[in-house]
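Trainee: Just so it is clear, I am handing over structure_37.txt, which has compact mmCIF, C-alpha atoms.
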```
# COMPACT_ATOMS: atom_id res chain seq x y z
CA MET Q 1 58.75 155.48 36.85
CA HIS Q 2 57.36 152.74 34.67
CA LYS Q 3 54.47 152.45 32.27
CA ASN Q 4 52.82 150.06 34.74
CA ASN Q 5 52.35 153.04 37.06
CA PHE Q 6 49.82 154.52 34.64
CA ASP Q 7 46.26 153.67 33.75
CA LYS Q 8 46.58 152.25 30.26
CA SER Q 9 42.92 152.62 29.33
CA TRP Q 10 42.94 156.29 30.29
CA ALA Q 11 46.20 156.87 28.42
CA ASN Q 12 44.59 155.44 25.30
CA LYS Q 13 41.74 157.92 25.54
CA VAL Q 14 43.81 161.08 25.75
CA SER Q 15 46.31 162.83 23.52
CA LYS Q 16 50.02 162.75 24.25
CA ASP Q 17 49.93 166.43 25.19
CA LYS Q 18 47.12 165.95 27.66
CA PHE Q 19 48.87 162.93 29.16
CA ILE Q 20 52.09 164.91 29.62
CA LYS Q 21 50.23 167.89 31.08
CA GLN Q 22 48.29 165.69 33.51
CA HIS Q 23 51.53 164.18 34.82
CA ASP Q 24 53.84 167.14 34.51
CA HIS Q 25 54.75 166.75 38.20
CA HIS Q 26 56.53 163.54 37.12
CA SER Q 27 58.43 165.21 34.28
CA LYS Q 28 61.74 164.89 36.11
CA ASP Q 29 61.22 161.18 36.67
CA GLY Q 30 61.17 160.06 33.04
CA ASP Q 31 60.09 160.77 29.50
CA LEU Q 32 56.32 161.02 29.70
CA GLY Q 33 55.98 161.12 25.93
CA GLU Q 34 57.74 157.77 25.60
CA ILE Q 35 55.56 156.32 28.33
CA TRP Q 36 52.41 157.53 26.57
CA GLU Q 37 53.56 155.90 23.36
CA SER Q 38 54.33 152.62 25.11
CA LEU Q 39 50.83 152.57 26.55
CA GLN Q 40 49.06 152.94 23.23
CA ASP Q 41 47.20 149.92 21.92
CA GLU Q 42 48.15 148.73 18.50
CA LYS Q 43 45.78 150.33 16.07
CA PRO Q 44 44.17 147.89 13.63
CA LYS Q 45 45.79 148.14 10.23
CA LYS Q 46 43.63 149.65 7.53
CA ALA Q 47 42.57 147.13 4.94
CA GLU Q 48 44.36 147.72 1.67
CA PRO Q 49 42.01 148.89 -1.09
CA LYS Q 50 41.07 146.09 -3.40
CA GLU Q 51 42.14 146.39 -7.01
CA LYS Q 52 39.34 147.21 -9.30
CA GLN Q 53 38.07 144.21 -11.10
CA GLN Q 54 38.28 144.53 -14.76
CA MET B 1 -12.20 97.11 70.16
CA ALA B 2 -8.48 97.56 70.52
CA ILE B 3 -7.00 100.90 69.56
CA ASP B 4 -3.80 100.58 67.48
CA ILE B 5 -1.49 103.47 68.31
CA GLY B 6 1.62 101.84 66.87
CA ASN B 7 1.90 104.22 63.90
CA THR B 8 0.49 107.36 65.40
CA ILE B 9 3.56 108.66 67.20
CA ALA B 10 6.78 108.74 65.18
CA ASN B 11 9.22 109.43 67.98
CA CYS B 12 11.74 106.79 67.13
CA VAL B 13 12.93 107.77 63.67
CA GLN B 14 16.47 106.64 64.41
CA PRO B 15 16.39 103.72 66.78
CA GLY B 16 19.83 104.04 68.35
CA GLY B 17 23.14 103.93 66.50
CA ASN B 18 25.47 101.20 65.39
CA THR B 19 28.35 100.79 67.80
CA GLY B 20 30.96 99.00 65.73
CA VAL B 21 34.48 100.44 65.77
CA GLY B 22 36.74 100.23 62.72
CA THR B 23 40.41 100.88 62.17
CA CYS B 24 40.04 104.62 61.91
CA PHE B 25 37.91 106.74 64.16
CA ASN B 26 37.50 110.37 65.05
CA ASP B 27 39.10 111.54 68.24
CA LEU B 28 38.94 115.19 69.14
CA SER B 29 42.00 117.02 70.37
CA VAL B 30 42.73 120.39 71.92
CA PRO B 31 41.13 123.26 69.97
CA ILE B 32 43.96 125.59 68.97
CA GLY B 33 42.30 127.85 66.43
CA ALA B 34 38.95 129.17 65.30
CA PHE B 35 37.22 130.83 62.39
CA ILE B 36 34.49 133.38 62.93
CA VAL B 37 32.21 132.98 59.92
CA PRO B 38 29.09 134.78 58.69
CA GLU B 39 25.79 133.63 60.13
CA ASP B 40 24.28 132.73 56.75
CA ALA B 41 27.35 131.26 55.04
CA THR B 42 27.95 127.63 54.11
CA TYR B 43 31.19 126.19 52.78
CA ASP B 44 31.93 123.49 50.22
CA THR B 45 33.07 120.24 51.83
CA SER B 46 33.06 118.10 48.71
CA SER B 47 36.80 117.79 49.34
CA VAL B 48 39.35 119.14 51.80
CA ALA B 49 40.84 121.24 48.99
CA ALA B 50 37.44 122.72 48.14
CA PHE B 51 36.84 123.65 51.77
CA LEU B 52 40.31 125.20 52.03
CA LEU B 53 39.75 127.26 48.89
CA ALA B 54 36.35 128.43 50.10
CA MET B 55 37.81 129.56 53.40
CA GLN B 56 40.84 131.24 51.84
CA THR B 57 38.63 133.11 49.40
CA ALA B 58 36.25 134.19 52.14
CA THR B 59 39.03 135.67 54.29
CA LEU B 60 39.61 138.17 51.47
CA ALA B 61 35.97 139.06 50.89
CA ASP B 62 35.63 142.78 50.24
CA ASP B 63 32.32 142.79 52.12
CA PRO B 64 33.10 142.53 55.86
CA LEU B 65 29.75 140.81 56.42
CA GLN B 66 30.74 137.95 54.10
CA ARG B 67 34.27 137.63 55.40
CA VAL B 68 35.84 134.81 57.43
CA TYR B 69 37.94 135.95 60.41
CA PRO B 70 40.59 133.41 61.46
CA ILE B 71 41.98 133.24 65.00
CA HIS B 72 45.13 131.19 65.43
CA ASP B 73 47.42 130.20 68.28
CA LEU B 74 44.86 129.62 71.00
CA LEU B 75 47.06 128.52 73.87
CA GLN B 76 44.61 127.51 76.55
CA VAL B 77 41.02 126.31 76.70
CA THR B 78 39.01 126.24 79.89
CA ASP B 79 35.91 124.06 79.76
CA SER B 80 33.20 125.46 82.05
CA THR B 81 30.39 123.37 80.59
CA PRO B 82 28.01 122.72 83.50
CA ALA B 83 27.25 119.18 84.55
CA ASN B 84 23.93 117.66 83.57
CA THR B 85 20.94 118.72 85.57
CA THR B 86 19.49 115.59 87.13
CA GLN B 87 16.50 114.59 89.18
CA THR B 88 16.69 111.99 91.87
CA PHE B 89 13.54 110.18 92.92
CA ASN B 90 13.80 109.97 96.67
CA SER B 91 11.46 107.02 97.07
CA THR B 92 13.59 104.76 94.95
CA GLY B 93 16.91 106.56 94.45
CA ALA B 94 16.49 106.48 90.68
CA MET B 95 18.22 109.38 88.91
CA PHE B 96 17.39 110.84 85.51
CA VAL B 97 19.11 113.42 83.34
CA VAL B 98 16.70 116.31 82.92
CA ARG B 99 18.86 118.48 80.65
CA GLU B 100 22.41 118.91 79.47
CA GLY B 101 24.48 122.03 79.94
CA TYR B 102 25.66 124.12 77.00
CA PHE B 103 29.28 123.88 75.93
CA ASN B 104 30.97 126.77 77.64
CA TRP B 105 34.55 127.24 76.58
CA THR B 106 36.99 130.06 77.24
CA PHE B 107 40.02 130.43 75.01
CA GLN B 108 43.17 132.33 75.88
CA PHE B 109 45.68 133.72 73.41
CA VAL B 110 48.88 135.72 73.55
CA ARG B 111 49.82 136.28 69.92
CA GLY B 112 47.85 139.24 68.62
CA GLY B 113 47.50 140.62 72.12
CA LEU B 114 45.48 143.74 72.69
CA CYS B 115 44.94 144.45 68.98
CA LEU B 116 43.37 141.05 68.41
CA LEU B 117 41.27 141.34 71.55
CA ILE B 118 39.90 144.70 70.44
CA ALA B 119 39.09 143.21 67.02
CA LEU B 120 37.34 140.23 68.61
CA ARG B 121 35.29 142.50 70.87
CA LYS B 122 33.70 144.01 67.77
CA PHE B 123 31.82 140.71 67.37
CA ASN B 124 30.37 140.82 70.90
CA GLY B 125 26.59 140.55 70.90
CA GLN B 126 26.41 139.87 67.17
CA ASN B 127 25.18 136.83 65.28
CA TRP B 128 28.32 135.24 63.88
CA ARG B 129 29.01 131.54 63.69
CA ILE B 130 32.24 129.91 64.74
CA MET B 131 34.31 126.89 63.74
CA PHE B 132 37.27 125.50 65.63
CA TYR B 133 40.24 123.40 64.61
CA ASP B 134 42.16 121.12 66.88
CA SER B 135 45.77 120.03 67.19
CA PHE B 136 45.02 116.92 65.13
CA GLY B 137 44.16 119.17 62.18
CA LYS B 138 40.42 118.56 62.29
CA VAL B 139 38.03 121.45 61.74
CA TRP B 140 34.93 121.33 63.90
CA THR B 141 31.98 122.50 61.85
CA MET B 142 28.26 121.95 61.80
CA ASP B 143 26.56 119.93 59.10
CA ALA B 144 24.72 122.12 56.59
CA GLY B 145 23.60 119.40 54.18
CA THR B 146 25.30 117.36 51.49
CA ALA B 147 28.88 118.57 50.92
CA LEU B 148 28.26 121.71 52.95
CA ALA B 149 29.35 122.92 56.36
CA GLN B 150 28.59 125.95 58.45
CA GLY B 151 29.83 127.24 61.77
CA ALA B 152 28.12 126.62 65.07
CA LEU B 153 25.96 129.52 66.19
CA PRO B 154 26.93 130.35 69.76
CA ASN B 155 24.19 131.17 72.21
CA ASN B 156 26.68 133.68 73.48
CA TYR B 157 30.03 134.87 72.22
CA TRP B 158 32.02 137.34 74.22
CA ALA B 159 35.58 138.61 73.96
CA ASN B 160 36.33 139.45 77.57
CA THR B 161 38.08 142.33 79.24
CA TYR B 162 41.70 141.41 79.75
CA LYS B 163 43.20 140.42 83.07
CA VAL B 164 46.22 142.47 83.87
CA ALA B 165 49.74 141.05 83.92
CA ASP B 166 51.00 140.94 87.50
CA GLY B 167 54.66 140.04 87.24
CA THR B 168 53.99 136.32 87.57
CA LYS B 169 51.80 135.80 84.54
CA LYS B 170 51.15 137.49 81.24
CA ALA B 171 48.14 139.66 80.54
CA GLU B 172 45.18 137.36 79.83
CA TYR B 173 43.31 137.88 76.58
CA THR B 174 40.32 135.59 76.33
CA PHE B 175 37.02 135.02 74.60
CA THR B 176 34.17 132.76 75.68
CA VAL B 177 31.62 130.86 73.65
CA ASP B 178 28.46 129.19 74.88
CA ILE B 179 27.11 126.69 72.35
CA GLU B 180 24.09 124.42 72.36
CA PRO B 181 25.77 121.02 72.46
CA SER B 182 24.09 119.24 69.56
CA GLN B 183 25.66 121.74 67.14
CA LEU B 184 29.16 120.47 67.79
CA LEU B 185 28.23 116.94 68.73
CA ASP B 186 25.22 115.24 67.15
CA ASN B 187 25.24 117.58 64.12
CA MET B 188 29.00 117.98 63.96
CA LYS B 189 30.88 117.66 60.69
CA LEU B 190 34.64 117.18 60.91
CA ILE B 191 36.91 118.25 58.07
CA ASP B 192 40.13 116.36 58.43
CA PHE B 193 43.26 118.21 57.34
CA SER B 194 45.62 115.72 59.00
CA ALA B 195 46.57 114.25 55.62
CA SER B 196 46.31 117.59 53.81
CA GLY B 197 48.97 119.72 55.42
CA GLY B 198 47.58 119.53 58.96
CA ILE B 199 47.46 122.58 61.17
CA ALA B 200 50.11 124.35 59.08
CA THR B 201 47.62 124.53 56.22
CA LEU B 202 44.89 125.78 58.51
CA GLN B 203 47.20 128.39 59.97
CA SER B 204 47.92 129.61 56.44
CA ILE B 205 44.33 130.89 56.31
CA THR B 206 45.21 134.29 57.68
CA GLY B 207 43.09 137.27 58.60
CA LEU B 208 43.37 140.84 57.40
CA GLN B 209 45.33 143.62 59.04
CA ASN B 210 43.96 147.14 59.19
CA VAL B 211 45.98 149.79 57.38
CA THR B 212 45.95 153.46 58.25
CA LEU B 213 46.59 155.90 55.43
CA SER B 214 48.22 159.25 56.02
CA GLN B 215 48.76 162.40 54.03
CA LEU B 216 52.47 162.90 53.37
CA VAL B 217 52.14 166.20 51.53
CA ALA B 218 49.14 168.49 51.22
CA ARG B 219 46.95 167.75 48.21
CA ALA B 220 47.76 169.87 45.17
CA ALA B 221 44.94 169.85 42.61
CA GLY B 222 44.53 166.18 41.65
CA VAL B 223 47.82 164.98 43.10
CA LEU B 224 47.79 163.09 46.42
CA LYS B 225 50.87 161.96 48.32
CA ILE B 226 49.88 159.14 50.62
CA GLY B 227 51.62 156.85 53.10
CA ALA B 228 50.34 153.56 54.56
CA THR B 229 51.13 151.82 57.85
CA THR B 230 49.52 148.92 59.67
CA SER B 231 47.15 150.21 62.32
CA CYS B 232 48.55 147.84 64.91
CA GLY B 233 52.30 148.10 65.18
CA THR B 234 52.58 150.89 62.58
CA VAL B 235 54.63 148.84 60.15
CA ASP B 236 55.28 150.96 57.06
CA LEU B 237 53.88 149.21 53.98
CA HIS B 238 56.10 151.32 51.77
CA ASN B 239 59.11 149.36 53.00
CA LYS B 240 57.65 146.12 51.70
CA TYR B 241 55.22 146.97 48.92
CA ALA B 242 56.56 150.17 47.31
CA THR B 243 56.44 148.62 43.84
CA GLU B 244 53.31 146.48 44.23
CA LEU B 245 51.20 149.40 45.41
CA ALA B 246 52.53 151.72 42.68
CA ALA B 247 49.66 150.65 40.44
CA THR B 248 46.36 152.35 39.68
CA GLY B 249 44.49 149.12 40.53
CA ALA B 250 45.81 149.20 44.09
CA TRP B 251 43.91 152.34 45.04
CA VAL B 252 40.37 153.64 44.95
CA ALA B 253 39.37 157.31 44.96
CA THR B 254 35.78 158.36 45.48
CA ASN B 255 33.82 161.55 45.78
CA LYS B 256 33.01 161.81 49.49
CA ALA B 257 29.62 163.40 48.89
CA THR B 258 28.34 161.02 46.20
CA GLY B 259 30.44 157.90 46.64
CA ALA B 260 31.18 157.91 42.90
CA VAL B 261 34.55 156.62 41.79
CA ILE B 262 37.12 159.08 40.45
CA ALA B 263 39.53 157.83 37.80
CA ILE B 264 43.15 157.47 38.88
CA THR B 265 45.55 158.12 36.02
CA SER B 266 48.78 157.10 37.70
CA VAL B 267 50.33 155.88 40.95
CA VAL B 268 54.07 156.31 41.27
CA ASP B 269 56.38 155.24 44.06
CA ASN B 270 57.30 158.36 46.01
CA THR B 271 60.67 157.58 47.51
CA VAL B 272 61.21 161.15 48.73
CA ASN B 273 58.22 161.10 51.06
CA GLY B 274 58.06 157.35 51.68
CA GLY B 275 54.73 156.62 50.04
CA TRP B 276 52.95 156.96 46.73
CA THR B 277 52.05 159.87 44.46
CA ILE B 278 48.51 159.32 43.22
CA THR B 279 47.28 161.43 40.32
CA LEU B 280 43.54 161.76 39.79
CA ASP B 281 41.83 162.64 36.56
CA THR B 282 40.76 166.21 37.28
CA ALA B 283 38.55 166.09 34.18
CA ASP B 284 36.54 163.22 35.67
CA ALA B 285 32.96 164.37 36.29
CA ASN B 286 33.16 162.99 39.84
CA TYR B 287 36.34 164.89 40.71
CA THR B 288 35.94 167.72 43.19
CA ALA B 289 38.33 170.50 44.07
CA THR B 290 36.74 170.83 47.50
CA ALA B 291 39.26 170.24 50.28
CA GLY B 292 38.45 166.99 52.06
CA GLY B 293 35.96 166.10 49.33
CA ILE B 294 37.85 163.05 48.07
CA LEU B 295 38.23 159.73 49.87
CA ILE B 296 41.29 157.69 49.03
CA SER B 297 41.80 154.08 50.11
CA LEU B 298 43.60 150.94 49.12
CA ALA B 299 41.62 148.60 46.87
CA GLY B 300 39.74 145.69 48.44
CA PRO B 301 41.58 142.70 49.90
CA THR B 302 40.87 140.55 46.83
CA GLU B 303 42.27 143.14 44.44
CA LEU B 304 45.32 143.66 46.65
CA ASN B 305 45.87 139.91 46.80
CA GLY B 306 45.94 139.93 43.00
CA LEU B 307 48.83 142.39 43.25
CA SER B 308 50.69 140.10 45.69
CA VAL B 309 49.79 142.30 48.66
CA LYS B 310 48.01 139.78 50.84
CA GLY B 311 46.10 140.41 54.02
CA TYR B 312 45.37 144.13 54.27
CA GLU B 313 42.35 146.42 54.36
CA SER B 314 42.77 150.17 54.62
CA ASP B 315 40.69 152.96 56.03
CA LYS B 316 39.47 155.83 53.87
CA LEU B 317 41.41 159.06 54.08
CA ALA B 318 39.71 162.34 53.25
CA GLN B 319 41.76 164.56 50.97
```
As C-alpha cells, how would this structure be written, given the file I've shared?

Mentor:
Amino acid sequence: MHKNNFDKSWANKVSKDKFIKQHDHHSKDGDLGEIWESLQDEKPKKAEPKEKQQ
Amino acid sequence: MAIDIGNTIANCVQPGGNTGVGTCFNDLSVPIGAFIVPEDATYDTSSVAAFLLAMQTATLADDPLQRVYPIHDLLQVTDSTPANTTQTFNSTGAMFVVREGYFNWTFQFVRGGLCLLIALRKFNGQNWRIMFYDSFGKVWTMDAGTALAQGALPNNYWANTYKVADGTKKAEYTFTVDIEPSQLLDNMKLIDFSASGGIATLQSITGLQNVTLSQLVARAAGVLKIGATTSCGTVDLHNKYATELAATGAWVATNKATGAVIAITSVVDNTVNGGWTITLDTADANYTATAGGILISLAGPTELNGLSVKGYESDKLAQ
C-alpha cells in the first residue's frame, strides 16, 4: 500500500482519525496514520509578527 | 442581331488538367488497413506528424461518437466495382459512357476474428466515414479544405456474416464498402507516411479493447472489490496493470439513479482476490447504500492512457 493509492485532495480535507476509520479495512496493509501525514500539503508558514516601530 | 451566349453558361471552370509527369508521382497500392472515422470530423493535414497526432488522439476519445476506430491487417481486397454503363449508337457504332459504377470493395481479415467482426457490425447502417491506407504507407482520405482531411462517406458499409471454415480455408470475416468514386479519386487527398515510419507508424494507431468488470467479493458498505478482464479473450488486466490501476484516477463511481459522481478515497491492489479494492467516500452526498445503486467503471481511455494503460474501455458494473 502506497500513498499514491489514496486521493490526496480528499485526505487533505479530513482529519487523520476520519482517514484511518474510512480505510480501516487496510489497517493490516500499512500505517494509515503515516500515509495520511505524507498526503498532507505543506501548510503556509505564518508570517512572523513585525516588531513594533518605535 | 447575334446573341452572345459565350459567358452565360459556366460549365468549363477547369478546362482539363496538365499532364506533365515529374520525378515523383502517386501510385496507389493494396489497401491493407482502414480507419472508421466520425461523419462530421476533419483532421489536421498541415503535416504528417499533425495528422498522426490527430488520429492517435481521436482513437482515445472518451465519446464513442468522436472516436476513430482503426482496422489493421486487411489481407485481401476484392474489387467488385461495376464496369461503366455505356450506350452504343447502333446507326454509327459510337459508344458513350453514361455513368460510372461506385467503388465496391470487400476486405477480408483474419486477425481479430469474430470479435472484430462483431465490433464492425455495430457500424452497419450508420453514417460513419472511412479512410484506408495502402502498403506504400499512403492514407487515402478525402479533401476537406486547406490542411484538412476527412474520410470518404460510403453509400453503403456492411460488415458481412462470416463464411464458415471448411477444412480447406479459414473462416472468412469480411466487410464491404460502396463509395461514390469521386470521393476517393477526384477529391482524394493522400497523406504519405512512406518517409514517416510507413505502415508501422499507421499500425501503431490502435483501437480500444472492451473490458468487462466483475465483482470479486460482495460489496461491504463503501468498499468494492473488482476484477477486470478483456471482453474478448478474457485476459486478466490485473496481471499486467495491478499497479497502474491502483489509483483513484483510474476508476469512476457514479450513482446509478442520478449519474452523479461519487468520490473515491482509495484504490489498492488486491492481490488476494486478483483485482482492486476500491473505497468510496460514504459521506459523499451522492453515495447510496442501496444494493446495485452504484456503477463502477474504469476511467475513460484518455485518462487511462495518462496512467500508461493504453487501449481499453470498460463496461459499467452495478454494485

Trainee: Name the residues, using the chain letters and numbers of the file, that sit within 6 Å of (47.0, 121.4, 68.3) when counting all atoms listed in the file, and give them as a VMD selection string.

Mentor: chain B and resid 30 32 134 to 136

Trainee: Of the candidates Q:His26, Q:Gly33, Q:Lys21, Q:Ser38, which shows the shortest atom-to-atom distance to Lys8 in chain Q, using only C-alpha atoms?

Mentor: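 Under the stated criterion, the closest residue is Q:Ser38.
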
Trainee: Let me make sure I understand: among B:Thr230, B:Asn160, B:Thr23, B:Thr141, which one has the smallest atom-to-atom distance to Leu185 in chain B if we use all atoms listed in the file?

Mentor: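 The answer is B:Thr141, which sits nearest to Leu185 in chain B.
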
Trainee: Can you measure CA of Tyr162 in chain B to CA of Cys232 in chain B for me? One decimal in Å is fine.

Mentor: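 Going from CA of Tyr162 in chain B over to CA of Cys232 in chain B, I get 17.6 Å.
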
Trainee: Using 10 Å as the limit and counting only C-alpha atoms, can you tabulate each residue of chain B that touches chain Q, with its shortest atom-to-atom distance in Å and the two atoms involved, as a Markdown table?

Mentor:
```
| residue | atom | partner | partner_atom | distance |
| --- | --- | --- | --- | --- |
| B:Gly222 | CA | Q:Gln22 | CA | 9.0 |
| B:Val223 | CA | Q:His25 | CA | 8.7 |
| B:Thr243 | CA | Q:Asn5 | CA | 9.1 |
| B:Glu244 | CA | Q:Asn5 | CA | 9.8 |
| B:Leu245 | CA | Q:Asn5 | CA | 9.2 |
| B:Ala246 | CA | Q:Asn5 | CA | 5.8 |
| B:Ala247 | CA | Q:Asn5 | CA | 4.9 |
| B:Thr248 | CA | Q:Asp7 | CA | 6.1 |
| B:Gly249 | CA | Q:Asp7 | CA | 8.4 |
| B:Ala263 | CA | Q:Trp10 | CA | 8.4 |
| B:Ile264 | CA | Q:Asp7 | CA | 7.1 |
| B:Thr265 | CA | Q:Asp7 | CA | 5.0 |
| B:Ser266 | CA | Q:Phe6 | CA | 4.1 |
| B:Val267 | CA | Q:Asn5 | CA | 5.2 |
| B:Val268 | CA | Q:Asn5 | CA | 5.6 |
| B:Asp269 | CA | Q:Met1 | CA | 7.6 |
| B:Asn270 | CA | Q:Met1 | CA | 9.7 |
| B:Thr277 | CA | Q:His26 | CA | 9.3 |
| B:Ile278 | CA | Q:Asn5 | CA | 9.6 |
| B:Thr279 | CA | Q:His23 | CA | 7.5 |
| B:Leu280 | CA | Q:Gln22 | CA | 8.8 |
| B:Asp281 | CA | Q:Gln22 | CA | 7.8 |
| B:Thr282 | CA | Q:Gln22 | CA | 8.4 |
| B:Ala283 | CA | Q:Gln22 | CA | 9.8 |
```

Trainee: At a cut-off of 12 Å, using all atoms listed in the file, what residues contact Asn305 in chain B? Leave out same-chain residues fewer than 3 positions from it and give the result as a compact mmCIF listing (two decimals) with C-alpha atoms, keeping the file's coordinate frame.

Mentor:
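In the end it all went to around29.txt:
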```
# COMPACT_ATOMS: atom_id res chain seq x y z
CA GLN B 56 40.84 131.24 51.84
CA THR B 57 38.63 133.11 49.40
CA THR B 59 39.03 135.67 54.29
CA LEU B 60 39.61 138.17 51.47
CA ALA B 61 35.97 139.06 50.89
CA ASP B 62 35.63 142.78 50.24
CA LEU B 208 43.37 140.84 57.40
CA TYR B 241 55.22 146.97 48.92
CA GLU B 244 53.31 146.48 44.23
CA LEU B 245 51.20 149.40 45.41
CA GLY B 249 44.49 149.12 40.53
CA ALA B 250 45.81 149.20 44.09
CA LEU B 298 43.60 150.94 49.12
CA ALA B 299 41.62 148.60 46.87
CA GLY B 300 39.74 145.69 48.44
CA PRO B 301 41.58 142.70 49.90
CA THR B 302 40.87 140.55 46.83
CA SER B 308 50.69 140.10 45.69
CA VAL B 309 49.79 142.30 48.66
CA LYS B 310 48.01 139.78 50.84
CA GLY B 311 46.10 140.41 54.02
CA TYR B 312 45.37 144.13 54.27
CA GLU B 313 42.35 146.42 54.36
```

Trainee: Quick one: pull the distance between CA of Thr254 in chain B and CA of Gly293 in chain B, Å, one decimal.

Mentor: 8.6 Å

Trainee: With all atoms of range 42-58 of chain B from the file as input, state the centre and edge lengths in Å to one decimal of the axis-aligned box that has 5 Å extra on each side, as lines of an AutoDock Vina configuration file.

Mentor:
```
center_x = 34.4
center_y = 126.0
center_z = 51.1
size_x = 22.9
size_y = 26.4
size_z = 16.0
```

Trainee: CA of Asp73 in chain B to CA of Arg111 in chain B: how many Å, to one decimal?

Mentor: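 Value for the CA of Asp73 in chain B-CA of Arg111 in chain B distance: 6.7 Å.
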
Trainee: For a quick check of understanding, using all atoms listed in the file, which of B:Ala221, B:Gly125, B:Cys24, B:Ser204 has the smallest distance to Ala289 in chain B?

Mentor: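 Closest residue, counting all atoms listed in the file: B:Ala221.
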
Trainee: Pull N, CA, C and O atoms for range 6-21 of chain Q from the block and write them as a CSV table (one decimal), in the first residue's frame.

Mentor:
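Saved the output as result20.csv:
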```
chain,number,residue,atom,x,y,z
Q,6,PHE,N,-4.1,6.6,-2.7
Q,6,PHE,CA,-5.2,7.4,-2.0
Q,6,PHE,C,-5.4,8.7,-2.7
Q,6,PHE,O,-4.5,9.3,-3.3
Q,7,ASP,N,-6.6,9.2,-2.5
Q,7,ASP,CA,-7.0,10.5,-3.1
Q,7,ASP,C,-6.4,11.6,-2.2
Q,7,ASP,O,-6.9,11.9,-1.1
Q,8,LYS,N,-5.4,12.3,-2.7
Q,8,LYS,CA,-4.7,13.3,-1.9
Q,8,LYS,C,-5.6,14.5,-1.5
Q,8,LYS,O,-5.6,14.9,-0.3
Q,9,SER,N,-6.4,14.9,-2.4
Q,9,SER,CA,-7.3,16.1,-2.1
Q,9,SER,C,-8.3,15.7,-1.0
Q,9,SER,O,-8.6,16.5,-0.1
Q,10,TRP,N,-8.8,14.5,-1.1
Q,10,TRP,CA,-9.7,14.1,0.0
Q,10,TRP,C,-9.0,14.0,1.3
Q,10,TRP,O,-9.5,14.4,2.3
Q,11,ALA,N,-7.8,13.4,1.3
Q,11,ALA,CA,-7.1,13.2,2.5
Q,11,ALA,C,-6.7,14.5,3.2
Q,11,ALA,O,-6.6,14.6,4.4
Q,12,ASN,N,-6.6,15.6,2.4
Q,12,ASN,CA,-6.3,16.9,2.9
Q,12,ASN,C,-7.5,17.6,3.6
Q,12,ASN,O,-7.4,18.5,4.3
Q,13,LYS,N,-8.7,17.0,3.2
Q,13,LYS,CA,-10.0,17.6,3.7
Q,13,LYS,C,-10.4,17.0,5.1
Q,13,LYS,O,-11.2,17.6,5.8
Q,14,VAL,N,-9.9,15.8,5.3
Q,14,VAL,CA,-10.4,15.1,6.5
Q,14,VAL,C,-9.3,14.9,7.6
Q,14,VAL,O,-8.1,15.0,7.3
Q,15,SER,N,-9.8,14.7,8.8
Q,15,SER,CA,-8.8,14.5,9.9
Q,15,SER,C,-8.1,13.1,9.8
Q,15,SER,O,-8.6,12.3,9.1
Q,16,LYS,N,-7.0,13.0,10.5
Q,16,LYS,CA,-6.3,11.7,10.5
Q,16,LYS,C,-7.2,10.6,11.0
Q,16,LYS,O,-7.3,9.5,10.4
Q,17,ASP,N,-8.0,10.9,12.0
Q,17,ASP,CA,-8.9,9.8,12.6
Q,17,ASP,C,-9.9,9.4,11.5
Q,17,ASP,O,-10.2,8.2,11.4
Q,18,LYS,N,-10.5,10.4,10.8
Q,18,LYS,CA,-11.5,10.0,9.8
Q,18,LYS,C,-10.9,9.2,8.7
Q,18,LYS,O,-11.4,8.3,8.2
Q,19,PHE,N,-9.7,9.6,8.3
Q,19,PHE,CA,-9.0,8.9,7.2
Q,19,PHE,C,-8.7,7.5,7.6
Q,19,PHE,O,-8.9,6.5,6.9
Q,20,ILE,N,-8.2,7.3,8.9
Q,20,ILE,CA,-7.9,5.9,9.3
Q,20,ILE,C,-9.2,5.1,9.4
Q,20,ILE,O,-9.2,3.9,9.0
Q,21,LYS,N,-10.3,5.7,9.9
Q,21,LYS,CA,-11.6,5.0,10.1
Q,21,LYS,C,-12.1,4.6,8.7
Q,21,LYS,O,-12.6,3.5,8.5
```
